[in-house]
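Participant: I'd like to ask some things about the structure below.
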Amino acid sequence: MKKGMKYEVGMYGGSFNPLHMGHVDCIMKAASLCETLYIVISYRENNTDIDVKIKYRWIYQLTKHIGNVKIILLEDKLTNKADYVESLWEDDCKKVRNQICGKIDVVFCGSDYDEKSFWNVCYPESELVIFPRNKYNSTEIRSDVYGHWEWLPRVVRPYYTKKVLLIGSESCGKSTLTVNLANHYNTNYLEEVGRELSELSGTDTMMISEDFTRILLEHKIKEMKLMQYSNKILFEDTDCLITRFFMEFLKDENMEKNAELAESIAALNSYDLVLYLSPDVEWVQDGDRSEIIAADRDSFGNKIRELYDKFGFKSVVISGNYLERYEKAIEYIDKMLFVDK
């Protein structure tokens with residue numbers, strides 16, 4: 001191609017399992033060299049692959065500002081890359097050509113392929129441009145996602161971000177430990193949404209029913225937003241089931257409907273780790289904490305833990321003084337992140 005000119009139609013394909021910064025670099029370069037760039041997402045409808053809708057969204061979010069990128073899909077019915085033999089190449093090439101509906105002037109690929117690869121064999125009429133892929137490798141990422149976190153584009157990271165939930169009764173150190181852990185891992189945390197909203201009347205004993213509804217909805221919306229910008233982990237100080245516990249304890253007049261909402265949100269929720277903080281630290285009256293709960297902390301704490309067990313959220317117990325809780329929590333979290341390391 002002459003200097004200053006562009007290819008009319010280009011193609012860049014891959015399984016993007018997951019999409020990494022090497023792919024990003026190739027896509028940006030290829031898009032700048034073409035009038036139209038087709039990105040072919042190869043996908044499998046099984047658990048060896050990331051959902052194609054997720055991969056499609058990654059690439060759409062990455063390229064929507066460019067304007068000359070089109071995304072097409074190519075189903076891979078194999079489960080092993082080694083089974084992709086030359087006899088199958090041409091069939092896939094026909095499927096791609098049928099979607100592009102015209103001549104492909106150039107095929108782009110990374111330097112993990114060479115001129116003997118199927119890209120050159122199946123598209124002999126197209127020029128082959130090989131971009132250096134440097135250090136990036138999807139196989140290495142899959143074997144150790146968190147050890148290769150910097151290889152993942154911002155749009156991909158939420159897919160792998162873990163969620164750690166802290167639960168327990170009042171005055172067991174949840175809020176402080178949540179912030180401390182977020183600072184330790186240099187990431188985001190979701191504060192207890194109900195703390196501020198429960199004080200709209202000055203005391204939680206005078207909460208109205210819509211306060212509980214608002215707590216439930218705001219917590220979930222904030223969680224979804226924070227997941228987009230977290231660094232490997234999002235820490236959460238309580239959730240919808242703690243709200244459910246308190247709406248029963250405080251006798252919400254609209255208990256039936258709010259409980260239904262809380263349980264529906266719980267059915268949508270998932271956590272990679274749930275830490276139950278045992279009420280074995282000193283009780284601190286901070287604001288409007290219940291003296292009824294203070295008088296029987298173990299019993300109310302067990303009710304909370306049983307509620308989470310009922311909805312399928314198994315927790316691990318964190319106890320001891322504040323330093324012991326902090327160190328034990330880090331031990332559990334590191335084991336979660338680096339389970340095979």
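Chain labels follow the order of the structure tokens: the first chain is A, the next B, and so on; residue numbering restarts at 1 in every chain, and ligands are counted from 1 in their shown order.
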From a DSSP pass on the backbone, collect the residues of stretch 76-268 of chain A flagged as alpha helix (DSSP H) and hand them back as a ChimeraX atom specification.
Facilitator: /A:86-100,118-122,138-143,157-160,174-184,193-197,209-226,240-249,255-268
Participant: With a cut-off of 10 Å, could you pull out the residues of stretch 122-146 of chain A touching stretch 7-14 of chain A and give me the nearest pair of atoms for each, distance in Å to one decimal, using only C-alpha atoms, ordered by chain and ascending number, as JSON lines?
Facilitator:
{"residue": "A:Ser126", "atom": "CA", "partner": "A:Gly10", "partner_atom": "CA", "distance": 8.8}
{"residue": "A:Glu127", "atom": "CA", "partner": "A:Gly10", "partner_atom": "CA", "distance": 9.3}
{"residue": "A:Leu128", "atom": "CA", "partner": "A:Gly10", "partner_atom": "CA", "distance": 9.9}
{"residue": "A:Val129", "atom": "CA", "partner": "A:Tyr12", "partner_atom": "CA", "distance": 9.9}
Participant: Residues near stretch 91-100 of chain A, anyone? I mean within 9 Å using only C-alpha atoms, not counting same-chain ones fewer than 2 positions away, as a PyMOL selection string.
Facilitator: chain A and resi 9+38+40+72-76+87-89+102-104+122-123
Participant: Choose the residue, out of A:Glu256, A:Glu90, A:Glu218, A:Glu282, that has the smallest atom-to-atom separation from A:Leu197; count only C-alpha atoms.
Facilitator: A:Glu218
Participant: Could you check the closest approach to A:Gln228 for each of A:Val155, A:Leu37, A:Leu166, A:Met28 and tell me which residue wins, using only C-alpha atoms?
Facilitator: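 That would be A:Val155, the residue with the smallest distance to A:Gln228.
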Participant: When distances are computed from only C-alpha atoms, which of A:Gly194, A:Gly173, A:Gly320, A:Gly168 shows the smallest separation from A:Lys303?
Facilitator: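 When distances to A:Lys303 are compared using only C-alpha atoms, the smallest one comes from A:Gly168.
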Participant: Interatomic distance between atom CA of A:Glu125 and atom CA of A:His23?
Facilitator: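 Interatomic distance here is 24.0 Å.
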Participant: Residues near A:Arg157, anyone? I mean within 12 Å using only C-alpha atoms, not counting same-chain ones fewer than 3 positions away, as a PDB file with N, CA and C atoms, in the first residue's frame.
Facilitator:
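Once everything was written out, this is result-v1.pdb:
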ATOM      1  N   PRO A  18      -9.461 -13.922  26.957  1.00  0.00           N
ATOM      2  CA  PRO A  18     -10.186 -12.655  26.856  1.00  0.00           C
ATOM      3  C   PRO A  18      -9.485 -11.665  25.920  1.00  0.00           C
ATOM      4  N   LEU A  19     -10.169 -10.576  25.659  1.00  0.00           N
ATOM      5  CA  LEU A  19      -9.572  -9.427  24.977  1.00  0.00           C
ATOM      6  C   LEU A  19      -8.471  -8.855  25.864  1.00  0.00           C
ATOM      7  N   HIS A  20      -7.281  -8.585  25.285  1.00  0.00           N
ATOM      8  CA  HIS A  20      -6.189  -8.015  26.070  1.00  0.00           C
ATOM      9  C   HIS A  20      -5.568  -6.837  25.329  1.00  0.00           C
ATOM     10  N   MET A  21      -4.584  -6.203  25.934  1.00  0.00           N
ATOM     11  CA  MET A  21      -4.008  -4.982  25.388  1.00  0.00           C
ATOM     12  C   MET A  21      -3.280  -5.215  24.067  1.00  0.00           C
ATOM     13  N   ILE A  54     -20.730 -10.926  25.809  1.00  0.00           N
ATOM     14  CA  ILE A  54     -19.740 -10.178  26.587  1.00  0.00           C
ATOM     15  C   ILE A  54     -18.609  -9.719  25.679  1.00  0.00           C
ATOM     16  N   TRP A  58     -17.384  -5.858  24.712  1.00  0.00           N
ATOM     17  CA  TRP A  58     -16.030  -5.352  24.904  1.00  0.00           C
ATOM     18  C   TRP A  58     -15.537  -4.627  23.655  1.00  0.00           C
ATOM     19  N   ILE A 141      -2.965 -15.162  30.554  1.00  0.00           N
ATOM     20  CA  ILE A 141      -3.968 -14.426  31.338  1.00  0.00           C
ATOM     21  C   ILE A 141      -4.938 -15.399  31.985  1.00  0.00           C
ATOM     22  N   VAL A 145      -5.166 -14.585  36.008  1.00  0.00           N
ATOM     23  CA  VAL A 145      -5.789 -13.314  35.630  1.00  0.00           C
ATOM     24  C   VAL A 145      -5.236 -12.165  36.463  1.00  0.00           C
ATOM     25  N   TYR A 146      -5.166 -12.341  37.772  1.00  0.00           N
ATOM     26  CA  TYR A 146      -4.827 -11.224  38.648  1.00  0.00           C
ATOM     27  C   TYR A 146      -3.333 -10.922  38.629  1.00  0.00           C
ATOM     28  N   HIS A 148      -1.815 -10.827  35.834  1.00  0.00           N
ATOM     29  CA  HIS A 148      -1.672 -10.134  34.550  1.00  0.00           C
ATOM     30  C   HIS A 148      -2.736  -9.039  34.409  1.00  0.00           C
ATOM     31  N   TRP A 149      -3.133  -8.468  35.528  1.00  0.00           N
ATOM     32  CA  TRP A 149      -4.230  -7.487  35.530  1.00  0.00           C
ATOM     33  C   TRP A 149      -3.974  -6.321  34.596  1.00  0.00           C
ATOM     34  N   GLU A 150      -2.726  -5.865  34.506  1.00  0.00           N
ATOM     35  CA  GLU A 150      -2.401  -4.721  33.657  1.00  0.00           C
ATOM     36  C   GLU A 150      -2.523  -5.046  32.178  1.00  0.00           C
ATOM     37  N   TRP A 151      -2.615  -6.313  31.842  1.00  0.00           N
ATOM     38  CA  TRP A 151      -2.791  -6.709  30.442  1.00  0.00           C
ATOM     39  C   TRP A 151      -4.246  -6.564  29.992  1.00  0.00           C
ATOM     40  N   LEU A 152      -5.154  -6.370  30.929  1.00  0.00           N
ATOM     41  CA  LEU A 152      -6.582  -6.324  30.607  1.00  0.00           C
ATOM     42  C   LEU A 152      -7.048  -4.896  30.358  1.00  0.00           C
ATOM     43  N   PRO A 153      -7.747  -4.645  29.257  1.00  0.00           N
ATOM     44  CA  PRO A 153      -8.329  -3.311  29.036  1.00  0.00           C
ATOM     45  C   PRO A 153      -9.359  -2.981  30.110  1.00  0.00           C
ATOM     46  N   ARG A 154      -9.612  -1.706  30.281  1.00  0.00           N
ATOM     47  CA  ARG A 154     -10.577  -1.266  31.288  1.00  0.00           C
ATOM     48  C   ARG A 154     -11.946  -1.911  31.095  1.00  0.00           C
ATOM     49  N   TYR A 160     -13.871  -9.843  35.483  1.00  0.00           N
ATOM     50  CA  TYR A 160     -13.043 -10.634  36.394  1.00  0.00           C
ATOM     51  C   TYR A 160     -13.013 -10.073  37.819  1.00  0.00           C
ATOM     52  N   THR A 161     -13.657  -8.946  38.044  1.00  0.00           N
ATOM     53  CA  THR A 161     -13.610  -8.330  39.370  1.00  0.00           C
ATOM     54  C   THR A 161     -14.382  -9.173  40.387  1.00  0.00           C
ATOM     55  N   LYS A 162     -13.749  -9.433  41.505  1.00  0.00           N
ATOM     56  CA  LYS A 162     -14.362 -10.217  42.577  1.00  0.00           C
ATOM     57  C   LYS A 162     -15.188  -9.300  43.483  1.00  0.00           C
ATOM     58  N   LEU A 226     -19.938   0.766  40.613  1.00  0.00           N
ATOM     59  CA  LEU A 226     -18.592   0.609  41.158  1.00  0.00           C
ATOM     60  C   LEU A 226     -17.854  -0.581  40.551  1.00  0.00           C
ATOM     61  N   MET A 227     -18.588  -1.592  40.128  1.00  0.00           N
ATOM     62  CA  MET A 227     -17.947  -2.751  39.498  1.00  0.00           C
ATOM     63  C   MET A 227     -17.196  -2.361  38.232  1.00  0.00           C
ATOM     64  N   GLN A 228     -17.603  -1.283  37.581  1.00  0.00           N
ATOM     65  CA  GLN A 228     -16.971  -0.861  36.333  1.00  0.00           C
ATOM     66  C   GLN A 228     -15.590  -0.265  36.553  1.00  0.00           C
ATOM     67  N   TYR A 229     -15.260   0.128  37.774  1.00  0.00           N
ATOM     68  CA  TYR A 229     -14.017   0.863  38.014  1.00  0.00           C
ATOM     69  C   TYR A 229     -13.195   0.297  39.173  1.00  0.00           C
ATOM     70  N   SER A 230     -13.455  -0.922  39.563  1.00  0.00           N
ATOM     71  CA  SER A 230     -12.749  -1.496  40.702  1.00  0.00           C
ATOM     72  C   SER A 230     -11.476  -2.211  40.271  1.00  0.00           C
ATOM     73  N   ASN A 231     -10.548  -2.304  41.197  1.00  0.00           N
ATOM     74  CA  ASN A 231      -9.246  -2.915  40.945  1.00  0.00           C
ATOM     75  C   ASN A 231      -9.217  -4.328  41.533  1.00  0.00           C
ATOM     76  N   LYS A 232      -9.619  -5.287  40.740  1.00  0.00           N
ATOM     77  CA  LYS A 232      -9.634  -6.715  41.091  1.00  0.00           C
ATOM     78  C   LYS A 232     -10.753  -7.103  42.055  1.00  0.00           C
ATOM     79  N   ILE A 233     -11.069  -6.225  43.005  1.00  0.00           N
ATOM     80  CA  ILE A 233     -12.057  -6.547  44.040  1.00  0.00           C
ATOM     81  C   ILE A 233     -12.946  -5.330  44.309  1.00  0.00           C
ATOM     82  N   LEU A 234     -14.225  -5.605  44.596  1.00  0.00           N
ATOM     83  CA  LEU A 234     -15.115  -4.585  45.156  1.00  0.00           C
ATOM     84  C   LEU A 234     -15.546  -5.072  46.533  1.00  0.00           C
TER      85      LEU A 234
END
Participant: Within 8 Å of A:Arg297, counting only C-alpha atoms, which residues show up once you throw out same-chain ones fewer than 3 positions away? Write them as an NGL selection string, please.
Facilitator: :A and (169 or 279 or 293-294 or 300-301)
Participant: Calculated over only C-alpha atoms, which of the candidates A:Ala182, A:Val193, A:Ala31, A:Val274 has the smallest distance to A:Asp309?
Facilitator: A:Val274
Participant: Choose the residue, out of A:Ser15, A:Asn321, A:Asn302, A:Thr203, that has the smallest atom-to-atom separation from A:Tyr276; count only C-alpha atoms.
Facilitator: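 Nearest to A:Tyr276: A:Asn302.
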Participant: To test your reading of the structure, identify every residue in stretch 44-229 of chain A that backbone DSSP assigns to strand (DSSP E), and report it as a VMD selection string.
Facilitator: chain A and resid 69 to 75 106 to 110 127 to 131 162 to 167 188 to 190
Participant: Emit the selected residues as a tab-separated table (two decimals), in the first residue's frame, including C-alpha atoms.
Facilitator:
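Writing the result to selection.tsv gives the following:
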chain	number	residue	atom	x	y	z
A	69	VAL	CA	-15.39	-0.75	12.56
A	70	LYS	CA	-17.97	-3.47	12.02
A	71	ILE	CA	-18.24	-6.62	14.14
A	72	ILE	CA	-19.19	-10.03	12.79
A	73	LEU	CA	-19.48	-13.39	14.54
A	74	LEU	CA	-18.09	-16.81	13.66
A	75	GLU	CA	-19.15	-19.83	15.70
A	106	VAL	CA	-6.03	-6.88	3.82
A	107	VAL	CA	-6.00	-9.35	6.68
A	108	PHE	CA	-4.39	-8.25	9.95
A	109	CYS	CA	-3.05	-10.56	12.61
A	110	GLY	CA	-0.68	-10.52	15.56
A	127	GLU	CA	-2.44	-8.69	1.72
A	128	LEU	CA	-1.27	-10.00	5.10
A	129	VAL	CA	-0.12	-7.47	7.69
A	130	ILE	CA	1.41	-8.86	10.88
A	131	PHE	CA	1.55	-6.60	13.93
A	162	LYS	CA	-14.36	-10.22	42.58
A	163	LYS	CA	-16.99	-9.16	45.11
A	164	VAL	CA	-16.33	-9.46	48.84
A	165	LEU	CA	-19.27	-8.85	51.19
A	166	LEU	CA	-18.92	-8.05	54.91
A	167	ILE	CA	-21.87	-8.90	57.15
A	188	ASN	CA	-13.34	0.69	45.63
A	189	TYR	CA	-15.79	-0.07	48.37
A	190	LEU	CA	-19.54	0.30	48.71
